[in-house]
file structure.txt (compact mmCIF, C-alpha atoms)
# COMPACT_ATOMS: atom_id res chain seq x y z
CA GLY H 811 -42.38 -54.54 -99.66
CA ALA H 812 -45.12 -52.72 -101.48
CA VAL H 813 -44.10 -51.37 -104.85
CA VAL H 814 -45.63 -48.60 -106.89
CA SER H 815 -44.53 -48.21 -110.48
CA GLN H 816 -44.93 -44.91 -112.28
CA HIS H 817 -44.49 -44.50 -116.00
CA PRO H 818 -43.01 -42.71 -117.83
CA SER H 819 -40.23 -41.40 -115.64
CA TRP H 820 -39.50 -38.49 -117.95
CA VAL H 821 -41.40 -37.01 -120.82
CA ILE H 822 -40.75 -34.01 -123.03
CA CYS H 823 -43.45 -32.83 -125.38
CA LYS H 824 -44.68 -29.87 -127.33
CA SER H 825 -47.10 -27.34 -125.97
CA GLY H 826 -50.70 -28.28 -126.70
CA THR H 827 -50.28 -32.03 -126.52
CA SER H 828 -51.80 -34.31 -123.88
CA VAL H 829 -49.69 -36.53 -121.70
CA LYS H 830 -50.79 -39.59 -119.79
CA ILE H 831 -48.97 -40.77 -116.67
CA GLU H 832 -49.62 -44.21 -115.24
CA CYS H 833 -49.39 -45.30 -111.63
CA ARG H 834 -49.53 -49.00 -110.83
CA SER H 835 -49.48 -50.87 -107.56
CA LEU H 836 -47.52 -54.02 -108.34
CA ASP H 837 -48.08 -56.26 -105.37
CA PHE H 838 -51.10 -54.92 -103.51
CA GLN H 839 -54.54 -53.60 -104.21
CA ALA H 840 -54.64 -49.85 -103.99
CA THR H 841 -58.08 -48.68 -102.99
CA THR H 842 -56.85 -45.11 -102.85
CA MET H 843 -54.31 -43.35 -105.00
CA PHE H 844 -53.04 -39.82 -104.65
CA TRP H 845 -51.48 -37.49 -107.18
CA TYR H 846 -48.98 -34.88 -106.09
CA ARG H 847 -47.12 -32.15 -107.88
CA GLN H 848 -43.70 -30.97 -106.85
CA PHE H 849 -41.95 -27.84 -108.06
CA PRO H 850 -38.14 -27.64 -107.85
CA LYS H 851 -36.86 -27.34 -104.31
CA GLN H 852 -40.38 -27.39 -102.94
CA SER H 853 -42.65 -29.78 -101.13
CA LEU H 854 -45.29 -32.05 -102.55
CA MET H 855 -48.66 -30.49 -103.12
CA LEU H 856 -51.67 -32.77 -103.26
CA MET H 857 -53.58 -32.44 -106.51
CA ALA H 858 -56.27 -35.06 -106.12
CA THR H 859 -57.38 -38.20 -104.35
CA SER H 860 -58.87 -41.05 -106.29
CA ASN H 861 -60.70 -44.07 -105.04
CA GLU H 862 -61.17 -47.06 -107.26
CA GLY H 863 -64.36 -46.90 -109.24
CA SER H 864 -65.34 -43.37 -108.29
CA LYS H 865 -64.58 -39.86 -109.40
CA ALA H 866 -61.45 -38.21 -108.11
CA THR H 867 -61.61 -35.52 -105.47
CA TYR H 868 -59.59 -32.51 -106.53
CA GLU H 869 -57.92 -30.03 -104.25
CA GLN H 870 -58.88 -26.42 -104.43
CA GLY H 871 -57.26 -24.65 -107.33
CA VAL H 872 -56.61 -27.79 -109.37
CA GLU H 873 -58.41 -27.76 -112.71
CA LYS H 874 -60.42 -30.94 -113.17
CA ASP H 875 -60.60 -30.55 -116.92
CA LYS H 876 -56.90 -29.96 -117.14
CA PHE H 877 -55.78 -32.87 -115.02
CA LEU H 878 -57.94 -35.88 -115.78
CA ILE H 879 -57.67 -38.73 -113.31
CA ASN H 880 -58.95 -42.23 -113.85
CA HIS H 881 -58.81 -45.03 -111.31
CA ALA H 882 -60.51 -47.85 -113.12
CA SER H 883 -58.95 -50.76 -111.28
CA LEU H 884 -57.41 -51.56 -107.91
CA THR H 885 -53.93 -51.51 -109.42
CA LEU H 886 -53.98 -48.65 -111.89
CA SER H 887 -54.61 -44.93 -111.83
CA THR H 888 -53.80 -42.52 -114.63
CA LEU H 889 -53.26 -38.77 -114.73
CA THR H 890 -53.71 -37.09 -118.09
CA VAL H 891 -52.46 -33.56 -118.48
CA THR H 892 -54.58 -32.19 -121.30
CA SER H 893 -53.38 -29.51 -123.70
CA ALA H 894 -50.20 -29.14 -121.72
CA HIS H 895 -48.40 -25.79 -121.56
CA PRO H 896 -44.96 -24.83 -120.23
CA GLU H 897 -46.42 -23.84 -116.86
CA ASP H 898 -47.53 -27.47 -116.43
CA SER H 899 -43.90 -28.56 -116.41
CA SER H 900 -43.25 -30.15 -113.06
CA PHE H 901 -42.48 -33.36 -111.21
CA TYR H 902 -45.61 -35.43 -110.73
CA ILE H 903 -45.66 -38.16 -108.10
CA CYS H 904 -48.33 -40.72 -107.38
CA SER H 905 -48.83 -42.73 -104.25
CA ALA H 906 -51.02 -45.66 -103.38
CA ARG H 907 -52.30 -47.25 -100.24
CA GLY H 908 -54.22 -50.38 -99.40
CA SER H 909 -57.52 -50.67 -97.66
CA THR H 910 -56.53 -51.46 -94.07
CA GLY H 911 -56.51 -48.78 -91.42
CA ASN H 912 -53.03 -47.44 -90.93
CA GLN H 913 -51.39 -48.50 -94.13
CA PRO H 914 -48.75 -46.02 -95.23
CA GLN H 915 -48.69 -44.56 -98.68
CA HIS H 916 -46.20 -46.02 -101.11
CA PHE H 917 -44.81 -43.63 -103.65
CA GLY H 918 -43.89 -44.05 -107.27
CA ASP H 919 -40.59 -42.70 -108.52
CA GLY H 920 -42.24 -39.71 -110.11
CA THR H 921 -42.59 -38.37 -113.63
CA ARG H 922 -40.67 -35.35 -114.80
CA LEU H 923 -42.83 -33.51 -117.32
CA SER H 924 -41.22 -30.89 -119.52
CA ILE H 925 -43.40 -28.93 -121.92
CA LEU H 926 -41.59 -27.03 -124.63
CA ALA X 163 -56.87 -28.50 -90.54
CA GLN X 164 -53.51 -30.16 -90.27
CA SER X 165 -50.13 -28.66 -91.01
CA VAL X 166 -46.46 -29.49 -90.70
CA THR X 167 -43.55 -27.17 -90.04
CA GLN X 168 -40.00 -28.27 -90.67
CA LEU X 169 -37.56 -25.94 -89.00
CA GLY X 170 -34.51 -25.37 -91.13
CA SER X 171 -34.71 -25.78 -94.87
CA HIS X 172 -31.07 -26.86 -94.95
CA VAL X 173 -29.05 -28.79 -92.37
CA SER X 174 -25.35 -29.51 -92.78
CA VAL X 175 -23.44 -32.05 -90.71
CA SER X 176 -20.10 -33.79 -90.85
CA GLU X 177 -19.86 -37.49 -91.50
CA GLY X 178 -20.22 -39.30 -88.20
CA ALA X 179 -22.03 -36.43 -86.50
CA LEU X 180 -25.52 -36.50 -85.05
CA VAL X 181 -28.35 -35.75 -87.44
CA LEU X 182 -31.37 -33.86 -86.08
CA LEU X 183 -34.16 -32.78 -88.39
CA ARG X 184 -37.00 -30.95 -86.73
CA CYS X 185 -40.69 -31.38 -87.38
CA ASN X 186 -43.63 -29.82 -85.58
CA TYR X 187 -47.20 -30.55 -86.50
CA SER X 188 -50.58 -29.03 -85.94
CA SER X 189 -53.62 -31.26 -85.77
CA SER X 190 -56.97 -31.11 -84.04
CA VAL X 191 -57.32 -34.89 -84.28
CA PRO X 192 -54.97 -37.76 -83.44
CA PRO X 193 -52.25 -37.70 -86.06
CA TYR X 194 -50.36 -40.29 -87.97
CA LEU X 195 -46.84 -38.99 -88.55
CA PHE X 196 -44.31 -39.95 -91.19
CA TRP X 197 -40.81 -39.18 -92.35
CA TYR X 198 -39.91 -39.69 -95.99
CA VAL X 199 -36.61 -39.32 -97.82
CA GLN X 200 -36.28 -38.21 -101.44
CA TYR X 201 -33.18 -38.56 -103.56
CA PRO X 202 -32.81 -36.37 -106.69
CA ASN X 203 -35.34 -37.11 -109.41
CA GLN X 204 -36.88 -39.94 -107.44
CA GLY X 205 -40.06 -40.55 -105.52
CA LEU X 206 -40.38 -40.72 -101.77
CA GLN X 207 -39.19 -43.56 -99.59
CA LEU X 208 -40.74 -44.13 -96.20
CA LEU X 209 -38.21 -43.90 -93.38
CA LEU X 210 -40.56 -44.47 -90.49
CA LYS X 211 -44.05 -43.80 -89.23
CA TYR X 212 -45.90 -43.27 -85.99
CA THR X 213 -49.46 -44.48 -85.72
CA THR X 214 -50.15 -45.68 -82.17
CA GLY X 215 -48.25 -47.27 -79.33
CA ALA X 216 -44.60 -46.68 -78.61
CA THR X 217 -43.67 -43.07 -79.12
CA LEU X 218 -40.08 -43.80 -80.10
CA VAL X 219 -40.15 -45.17 -83.60
CA LYS X 220 -37.22 -46.82 -85.31
CA GLY X 221 -36.94 -46.75 -89.05
CA ILE X 222 -34.64 -47.79 -91.83
CA ASN X 223 -31.02 -46.76 -92.27
CA GLY X 224 -30.54 -46.11 -88.54
CA PHE X 225 -33.06 -43.28 -88.29
CA GLU X 226 -35.50 -42.89 -85.47
CA ALA X 227 -38.09 -40.34 -84.37
CA GLU X 228 -39.95 -39.63 -81.18
CA PHE X 229 -43.57 -38.52 -81.04
CA LYS X 230 -44.00 -35.93 -78.31
CA LYS X 231 -47.61 -34.97 -78.01
CA SER X 232 -46.99 -32.24 -75.43
CA GLU X 233 -44.55 -30.55 -77.80
CA THR X 234 -46.45 -31.49 -81.00
CA SER X 235 -43.13 -32.64 -82.37
CA PHE X 236 -41.80 -35.59 -84.34
CA HIS X 237 -38.09 -34.88 -84.78
CA LEU X 238 -35.93 -37.25 -86.82
CA THR X 239 -32.52 -38.30 -85.54
CA LYS X 240 -29.61 -40.49 -86.49
CA PRO X 241 -26.61 -40.92 -84.19
CA SER X 242 -23.98 -40.93 -86.90
CA ALA X 243 -24.42 -39.39 -90.35
CA HIS X 244 -23.22 -41.15 -93.46
CA MET X 245 -22.47 -39.59 -96.80
CA SER X 246 -25.32 -41.57 -98.32
CA ASP X 247 -27.78 -39.81 -96.00
CA ALA X 248 -27.51 -36.62 -98.05
CA ALA X 249 -31.00 -36.09 -99.47
CA GLU X 250 -34.26 -34.20 -99.01
CA TYR X 251 -36.34 -35.19 -96.00
CA PHE X 252 -40.04 -34.60 -95.62
CA CYS X 253 -42.17 -34.84 -92.51
CA ALA X 254 -45.84 -35.55 -93.10
CA VAL X 255 -49.06 -35.87 -91.14
CA SER X 256 -52.40 -37.48 -91.82
CA ASP X 257 -55.64 -37.88 -89.92
CA ALA X 258 -55.61 -41.06 -87.84
CA ASN X 259 -59.39 -41.09 -87.71
CA GLN X 260 -59.83 -41.14 -91.45
CA ALA X 261 -58.02 -43.97 -93.11
CA GLY X 262 -57.24 -43.16 -96.68
CA THR X 263 -56.74 -39.44 -96.30
CA ALA X 264 -53.86 -37.75 -98.05
CA LEU X 265 -50.62 -36.75 -96.44
CA ILE X 266 -49.87 -33.16 -95.62
CA PHE X 267 -46.19 -32.50 -96.15
CA GLY X 268 -43.77 -30.07 -94.64
CA LYS X 269 -41.62 -28.00 -96.96
CA GLY X 270 -38.70 -30.35 -96.61
CA THR X 271 -35.21 -30.18 -95.21
CA THR X 272 -32.14 -30.70 -97.33
CA LEU X 273 -29.49 -32.66 -95.47
CA SER X 274 -25.90 -32.19 -96.57
CA VAL X 275 -23.14 -34.43 -95.21
CA SER X 276 -19.50 -33.43 -95.53
CA SER X 277 -16.47 -35.62 -95.14

call {"tool": "encode", "arguments": {"input": "structure.txt", "output": "structure tokens"}}
result
Amino acid sequence: GAVVSQHPSWVICKSGTSVKIECRSLDFQATTMFWYRQFPKQSLMLMATSNEGSKATYEQGVEKDKFLINHASLTLSTLTVTSAHPEDSSFYICSARGSTGNQPQHFGDGTRLSIL
Amino acid sequence: AQSVTQLGSHVSVSEGALVLLRCNYSSSVPPYLFWYVQYPNQGLQLLLKYTTGATLVKGINGFEAEFKKSETSFHLTKPSAHMSDAAEYFCAVSDANQAGTALIFGKGTTLSVSS
């Protein structure tokens, strides 16, 4: 089946640093990738939608300059949390889908980000 | 706008008992409906989906769900719970008319299974 790899799975870093999270579709071409954020014991909240080769579409309330998304190829999207602060600590999950009509989204295993 | 309501943030059943997780959706357009399962510190795994056609959908691990348009529901069931079914379950909806749109998730239901 379709596989999405997300890396790293867990990262701890100091406040003020930038962190890059990668999302790769391993066996299919992902024309669209989504980035979600999940707080403990809560649901997934969509942060942004990215289509290969174009700028990401951010949801209301998500800071574009804070969460930089790049989708430069059909198999890779990255989320960079810039100048991270403790309130950015969360579980970030990406998903990817192919180009045909009713393809489901395939999720990565998530990245737990802890900012000290 | 679309939305999903999962009734019951926590459901507890005994091993071997029926599992019923409720999901109601709101959508002004034909929906695609999904159930995902999430184990601790992991991503989401697709259990099953409804797009078109048969309204009773069978998924992995013995789960199934029935799309009832008149009730705007997509409840998830399993005849006999297993200890390994303990996890967080999310119902989600997307717009069938717009391929590539994001999923809108419910708040999730934690399933506990006791022996």

call {"tool": "interface_residues", "arguments": {"input": "structure.txt", "of": "chain X", "to": "chain H", "cutoff": "7 Å", "atoms": "only C-alpha atoms", "output": "list in words"}}
result
Gln204, Gly205, Leu206, Gln207, Thr213, Ala261, Gly262, Ala264, Phe267, Gly268, Lys269 and Gly270 of chain X

call {"tool": "residues_near_point", "arguments": {"input": "structure.txt", "point": "(-23.6, -36.7, -87.1)", "cutoff": "10 Å", "atoms": "all atoms listed in the file", "output": "count of residues only"}}
result
17

call {"tool": "atom_distance", "arguments": {"input": "structure.txt", "atom1": "CA of Leu210 (chain X)", "atom2": "CA of Phe229 (chain X)"}}
result
11.6 Å

call {"tool": "residues_near_point", "arguments": {"input": "structure.txt", "point": "(-59.3, -54.0, -109.0)", "cutoff": "10 Å", "atoms": "only C-alpha atoms", "output": "MDAnalysis selection string"}}
result
chainID H and resid 838:841 862:863 881:886

call {"tool": "residues_around", "arguments": {"input": "structure.txt", "residues": "Lys824 (chain H)", "least_positions_apart": "3", "cutoff": "10 Å", "atoms": "all atoms listed in the file", "output": "PyMOL selection string"}}
result
chain H and resi 827-828+893-896+924-926

call {"tool": "atom_distance", "arguments": {"input": "structure.txt", "atom1": "CA of Gly170 (chain X)", "atom2": "CA of Ala249 (chain X)"}}
result
14.0 Å

call {"tool": "axis_aligned_box", "arguments": {"input": "structure.txt", "around": "region 172-177 of chain X", "padding_each_side": "6 Å", "output": "lines of an AutoDock Vina configuration file"}}
result
center_x = -25.5
center_y = -32.2
center_z = -92.8
size_x = 23.2
size_y = 22.6
size_z = 16.2

call {"tool": "atom_distance", "arguments": {"input": "structure.txt", "atom1": "CA of Glu869 (chain H)", "atom2": "CA of Val891 (chain H)"}}
result
15.6 Å

call {"tool": "residues_around", "arguments": {"input": "structure.txt", "residues": "Ala248 (chain X)", "least_positions_apart": "3", "cutoff": "7 Å", "atoms": "only C-alpha atoms", "output": "list in words"}}
result
Met245, Leu273, Ser274 and Val275 of chain X

call {"tool": "write_last_selection", "arguments": {"input": "structure.txt", "atoms": "C-alpha atoms", "output": "PDB file, in the frame of the given file"}}
result
ATOM      1  CA  MET X 245     -22.470 -39.590 -96.800  1.00  0.00           C
ATOM      2  CA  LEU X 273     -29.490 -32.660 -95.470  1.00  0.00           C
ATOM      3  CA  SER X 274     -25.900 -32.190 -96.570  1.00  0.00           C
ATOM      4  CA  VAL X 275     -23.140 -34.430 -95.210  1.00  0.00           C
TER       5      VAL X 275
END

call {"tool": "decode", "arguments": {"input": "structure.txt", "residues": "region 215-257 of chain X", "atoms": "N, CA and C atoms", "output": "PDB file, in the first residue's frame"}}
result
ATOM      1  N   GLY X 215     -21.375   4.401  -4.242  1.00  0.00           N
ATOM      2  CA  GLY X 215     -21.744   3.001  -4.342  1.00  0.00           C
ATOM      3  C   GLY X 215     -22.311   2.454  -3.056  1.00  0.00           C
ATOM      4  N   ALA X 216     -21.955   1.239  -2.751  1.00  0.00           N
ATOM      5  CA  ALA X 216     -22.512   0.530  -1.600  1.00  0.00           C
ATOM      6  C   ALA X 216     -22.341   1.352  -0.329  1.00  0.00           C
ATOM      7  N   THR X 217     -23.424   1.447   0.420  1.00  0.00           N
ATOM      8  CA  THR X 217     -23.395   2.283   1.615  1.00  0.00           C
ATOM      9  C   THR X 217     -22.812   1.573   2.825  1.00  0.00           C
ATOM     10  N   LEU X 218     -22.745   0.253   2.780  1.00  0.00           N
ATOM     11  CA  LEU X 218     -22.092  -0.496   3.851  1.00  0.00           C
ATOM     12  C   LEU X 218     -20.663  -0.781   3.415  1.00  0.00           C
ATOM     13  N   VAL X 219     -19.747  -0.221   4.153  1.00  0.00           N
ATOM     14  CA  VAL X 219     -18.343  -0.307   3.765  1.00  0.00           C
ATOM     15  C   VAL X 219     -17.593  -1.184   4.757  1.00  0.00           C
ATOM     16  N   LYS X 220     -16.856  -2.111   4.248  1.00  0.00           N
ATOM     17  CA  LYS X 220     -16.039  -2.976   5.112  1.00  0.00           C
ATOM     18  C   LYS X 220     -14.595  -2.515   5.065  1.00  0.00           C
ATOM     19  N   GLY X 221     -13.971  -2.516   6.247  1.00  0.00           N
ATOM     20  CA  GLY X 221     -12.601  -2.066   6.313  1.00  0.00           C
ATOM     21  C   GLY X 221     -11.676  -3.128   6.879  1.00  0.00           C
ATOM     22  N   ILE X 222     -10.539  -2.654   7.351  1.00  0.00           N
ATOM     23  CA  ILE X 222      -9.565  -3.581   7.908  1.00  0.00           C
ATOM     24  C   ILE X 222      -9.901  -3.932   9.346  1.00  0.00           C
ATOM     25  N   ASN X 223      -9.296  -5.010   9.825  1.00  0.00           N
ATOM     26  CA  ASN X 223      -9.437  -5.422  11.223  1.00  0.00           C
ATOM     27  C   ASN X 223     -10.878  -5.702  11.644  1.00  0.00           C
ATOM     28  N   GLY X 224     -11.739  -6.068  10.701  1.00  0.00           N
ATOM     29  CA  GLY X 224     -13.110  -6.430  11.035  1.00  0.00           C
ATOM     30  C   GLY X 224     -14.075  -5.281  11.236  1.00  0.00           C
ATOM     31  N   PHE X 225     -13.633  -4.074  11.007  1.00  0.00           N
ATOM     32  CA  PHE X 225     -14.506  -2.904  11.146  1.00  0.00           C
ATOM     33  C   PHE X 225     -15.345  -2.686   9.895  1.00  0.00           C
ATOM     34  N   GLU X 226     -16.510  -2.120  10.109  1.00  0.00           N
ATOM     35  CA  GLU X 226     -17.337  -1.697   8.998  1.00  0.00           C
ATOM     36  C   GLU X 226     -18.123  -0.456   9.401  1.00  0.00           C
ATOM     37  N   ALA X 227     -18.632   0.257   8.404  1.00  0.00           N
ATOM     38  CA  ALA X 227     -19.407   1.466   8.659  1.00  0.00           C
ATOM     39  C   ALA X 227     -20.485   1.570   7.595  1.00  0.00           C
ATOM     40  N   GLU X 228     -21.579   2.190   7.975  1.00  0.00           N
ATOM     41  CA  GLU X 228     -22.690   2.347   7.036  1.00  0.00           C
ATOM     42  C   GLU X 228     -23.002   3.819   6.839  1.00  0.00           C
ATOM     43  N   PHE X 229     -23.000   4.245   5.601  1.00  0.00           N
ATOM     44  CA  PHE X 229     -23.359   5.613   5.250  1.00  0.00           C
ATOM     45  C   PHE X 229     -24.884   5.703   5.175  1.00  0.00           C
ATOM     46  N   LYS X 230     -25.446   6.557   6.032  1.00  0.00           N
ATOM     47  CA  LYS X 230     -26.890   6.776   6.009  1.00  0.00           C
ATOM     48  C   LYS X 230     -27.136   8.244   5.731  1.00  0.00           C
ATOM     49  N   LYS X 231     -27.473   8.520   4.496  1.00  0.00           N
ATOM     50  CA  LYS X 231     -27.649   9.908   4.087  1.00  0.00           C
ATOM     51  C   LYS X 231     -28.787  10.574   4.846  1.00  0.00           C
ATOM     52  N   SER X 232     -29.877   9.851   5.046  1.00  0.00           N
ATOM     53  CA  SER X 232     -31.051  10.434   5.705  1.00  0.00           C
ATOM     54  C   SER X 232     -30.742  10.826   7.146  1.00  0.00           C
ATOM     55  N   GLU X 233     -29.803  10.127   7.755  1.00  0.00           N
ATOM     56  CA  GLU X 233     -29.433  10.419   9.137  1.00  0.00           C
ATOM     57  C   GLU X 233     -28.111  11.177   9.215  1.00  0.00           C
ATOM     58  N   THR X 234     -27.524  11.477   8.085  1.00  0.00           N
ATOM     59  CA  THR X 234     -26.183  12.110   8.006  1.00  0.00           C
ATOM     60  C   THR X 234     -25.228  11.450   8.991  1.00  0.00           C
ATOM     61  N   SER X 235     -25.218  10.121   8.938  1.00  0.00           N
ATOM     62  CA  SER X 235     -24.369   9.379   9.870  1.00  0.00           C
ATOM     63  C   SER X 235     -23.437   8.428   9.148  1.00  0.00           C
ATOM     64  N   PHE X 236     -22.380   8.074   9.835  1.00  0.00           N
ATOM     65  CA  PHE X 236     -21.381   7.125   9.305  1.00  0.00           C
ATOM     66  C   PHE X 236     -20.754   6.422  10.513  1.00  0.00           C
ATOM     67  N   HIS X 237     -21.571   5.670  11.222  1.00  0.00           N
ATOM     68  CA  HIS X 237     -21.125   5.018  12.453  1.00  0.00           C
ATOM     69  C   HIS X 237     -20.227   3.817  12.166  1.00  0.00           C
ATOM     70  N   LEU X 238     -19.248   3.644  13.018  1.00  0.00           N
ATOM     71  CA  LEU X 238     -18.264   2.555  12.867  1.00  0.00           C
ATOM     72  C   LEU X 238     -18.612   1.423  13.826  1.00  0.00           C
ATOM     73  N   THR X 239     -18.611   0.206  13.339  1.00  0.00           N
ATOM     74  CA  THR X 239     -18.929  -0.938  14.185  1.00  0.00           C
ATOM     75  C   THR X 239     -17.941  -2.074  13.987  1.00  0.00           C
ATOM     76  N   LYS X 240     -17.875  -2.904  15.016  1.00  0.00           N
ATOM     77  CA  LYS X 240     -17.121  -4.150  14.955  1.00  0.00           C
ATOM     78  C   LYS X 240     -17.845  -5.134  15.863  1.00  0.00           C
ATOM     79  N   PRO X 241     -18.163  -6.312  15.364  1.00  0.00           N
ATOM     80  CA  PRO X 241     -18.987  -7.242  16.146  1.00  0.00           C
ATOM     81  C   PRO X 241     -18.352  -7.678  17.465  1.00  0.00           C
ATOM     82  N   SER X 242     -17.045  -7.837  17.467  1.00  0.00           N
ATOM     83  CA  SER X 242     -16.391  -8.379  18.651  1.00  0.00           C
ATOM     84  C   SER X 242     -15.068  -7.655  18.890  1.00  0.00           C
ATOM     85  N   ALA X 243     -15.009  -6.907  19.984  1.00  0.00           N
ATOM     86  CA  ALA X 243     -13.814  -6.110  20.272  1.00  0.00           C
ATOM     87  C   ALA X 243     -12.647  -6.984  20.696  1.00  0.00           C
ATOM     88  N   HIS X 244     -11.468  -6.531  20.307  1.00  0.00           N
ATOM     89  CA  HIS X 244     -10.233  -7.190  20.709  1.00  0.00           C
ATOM     90  C   HIS X 244      -9.382  -6.182  21.455  1.00  0.00           C
ATOM     91  N   MET X 245      -8.558  -6.690  22.335  1.00  0.00           N
ATOM     92  CA  MET X 245      -7.716  -5.793  23.133  1.00  0.00           C
ATOM     93  C   MET X 245      -6.903  -4.846  22.254  1.00  0.00           C
ATOM     94  N   SER X 246      -6.476  -5.360  21.115  1.00  0.00           N
ATOM     95  CA  SER X 246      -5.645  -4.545  20.216  1.00  0.00           C
ATOM     96  C   SER X 246      -6.421  -3.420  19.531  1.00  0.00           C
ATOM     97  N   ASP X 247      -7.743  -3.392  19.704  1.00  0.00           N
ATOM     98  CA  ASP X 247      -8.541  -2.321  19.112  1.00  0.00           C
ATOM     99  C   ASP X 247      -8.486  -1.034  19.941  1.00  0.00           C
ATOM    100  N   ALA X 248      -7.948  -1.111  21.132  1.00  0.00           N
ATOM    101  CA  ALA X 248      -7.857   0.077  21.981  1.00  0.00           C
ATOM    102  C   ALA X 248      -6.976   1.128  21.312  1.00  0.00           C
ATOM    103  N   ALA X 249      -7.577   2.277  21.024  1.00  0.00           N
ATOM    104  CA  ALA X 249      -6.867   3.336  20.289  1.00  0.00           C
ATOM    105  C   ALA X 249      -7.789   4.540  20.194  1.00  0.00           C
ATOM    106  N   GLU X 250      -7.313   5.552  19.477  1.00  0.00           N
ATOM    107  CA  GLU X 250      -8.117   6.749  19.201  1.00  0.00           C
ATOM    108  C   GLU X 250      -8.668   6.605  17.792  1.00  0.00           C
ATOM    109  N   TYR X 251      -9.944   6.905  17.630  1.00  0.00           N
ATOM    110  CA  TYR X 251     -10.586   6.768  16.331  1.00  0.00           C
ATOM    111  C   TYR X 251     -11.122   8.124  15.878  1.00  0.00           C
ATOM    112  N   PHE X 252     -10.850   8.439  14.627  1.00  0.00           N
ATOM    113  CA  PHE X 252     -11.281   9.708  14.075  1.00  0.00           C
ATOM    114  C   PHE X 252     -12.159   9.479  12.840  1.00  0.00           C
ATOM    115  N   CYS X 253     -13.285  10.167  12.821  1.00  0.00           N
ATOM    116  CA  CYS X 253     -14.131  10.205  11.647  1.00  0.00           C
ATOM    117  C   CYS X 253     -13.783  11.478  10.878  1.00  0.00           C
ATOM    118  N   ALA X 254     -13.799  11.408   9.565  1.00  0.00           N
ATOM    119  CA  ALA X 254     -13.429  12.580   8.779  1.00  0.00           C
ATOM    120  C   ALA X 254     -14.287  12.675   7.529  1.00  0.00           C
ATOM    121  N   VAL X 255     -14.427  13.889   7.034  1.00  0.00           N
ATOM    122  CA  VAL X 255     -15.226  14.144   5.839  1.00  0.00           C
ATOM    123  C   VAL X 255     -14.446  15.026   4.888  1.00  0.00           C
ATOM    124  N   SER X 256     -14.639  14.812   3.607  1.00  0.00           N
ATOM    125  CA  SER X 256     -14.088  15.732   2.616  1.00  0.00           C
ATOM    126  C   SER X 256     -15.125  15.940   1.533  1.00  0.00           C
ATOM    127  N   ASP X 257     -14.859  16.901   0.675  1.00  0.00           N
ATOM    128  CA  ASP X 257     -15.792  17.283  -0.370  1.00  0.00           C
ATOM    129  C   ASP X 257     -15.593  16.369  -1.575  1.00  0.00           C
TER     130      ASP X 257
END
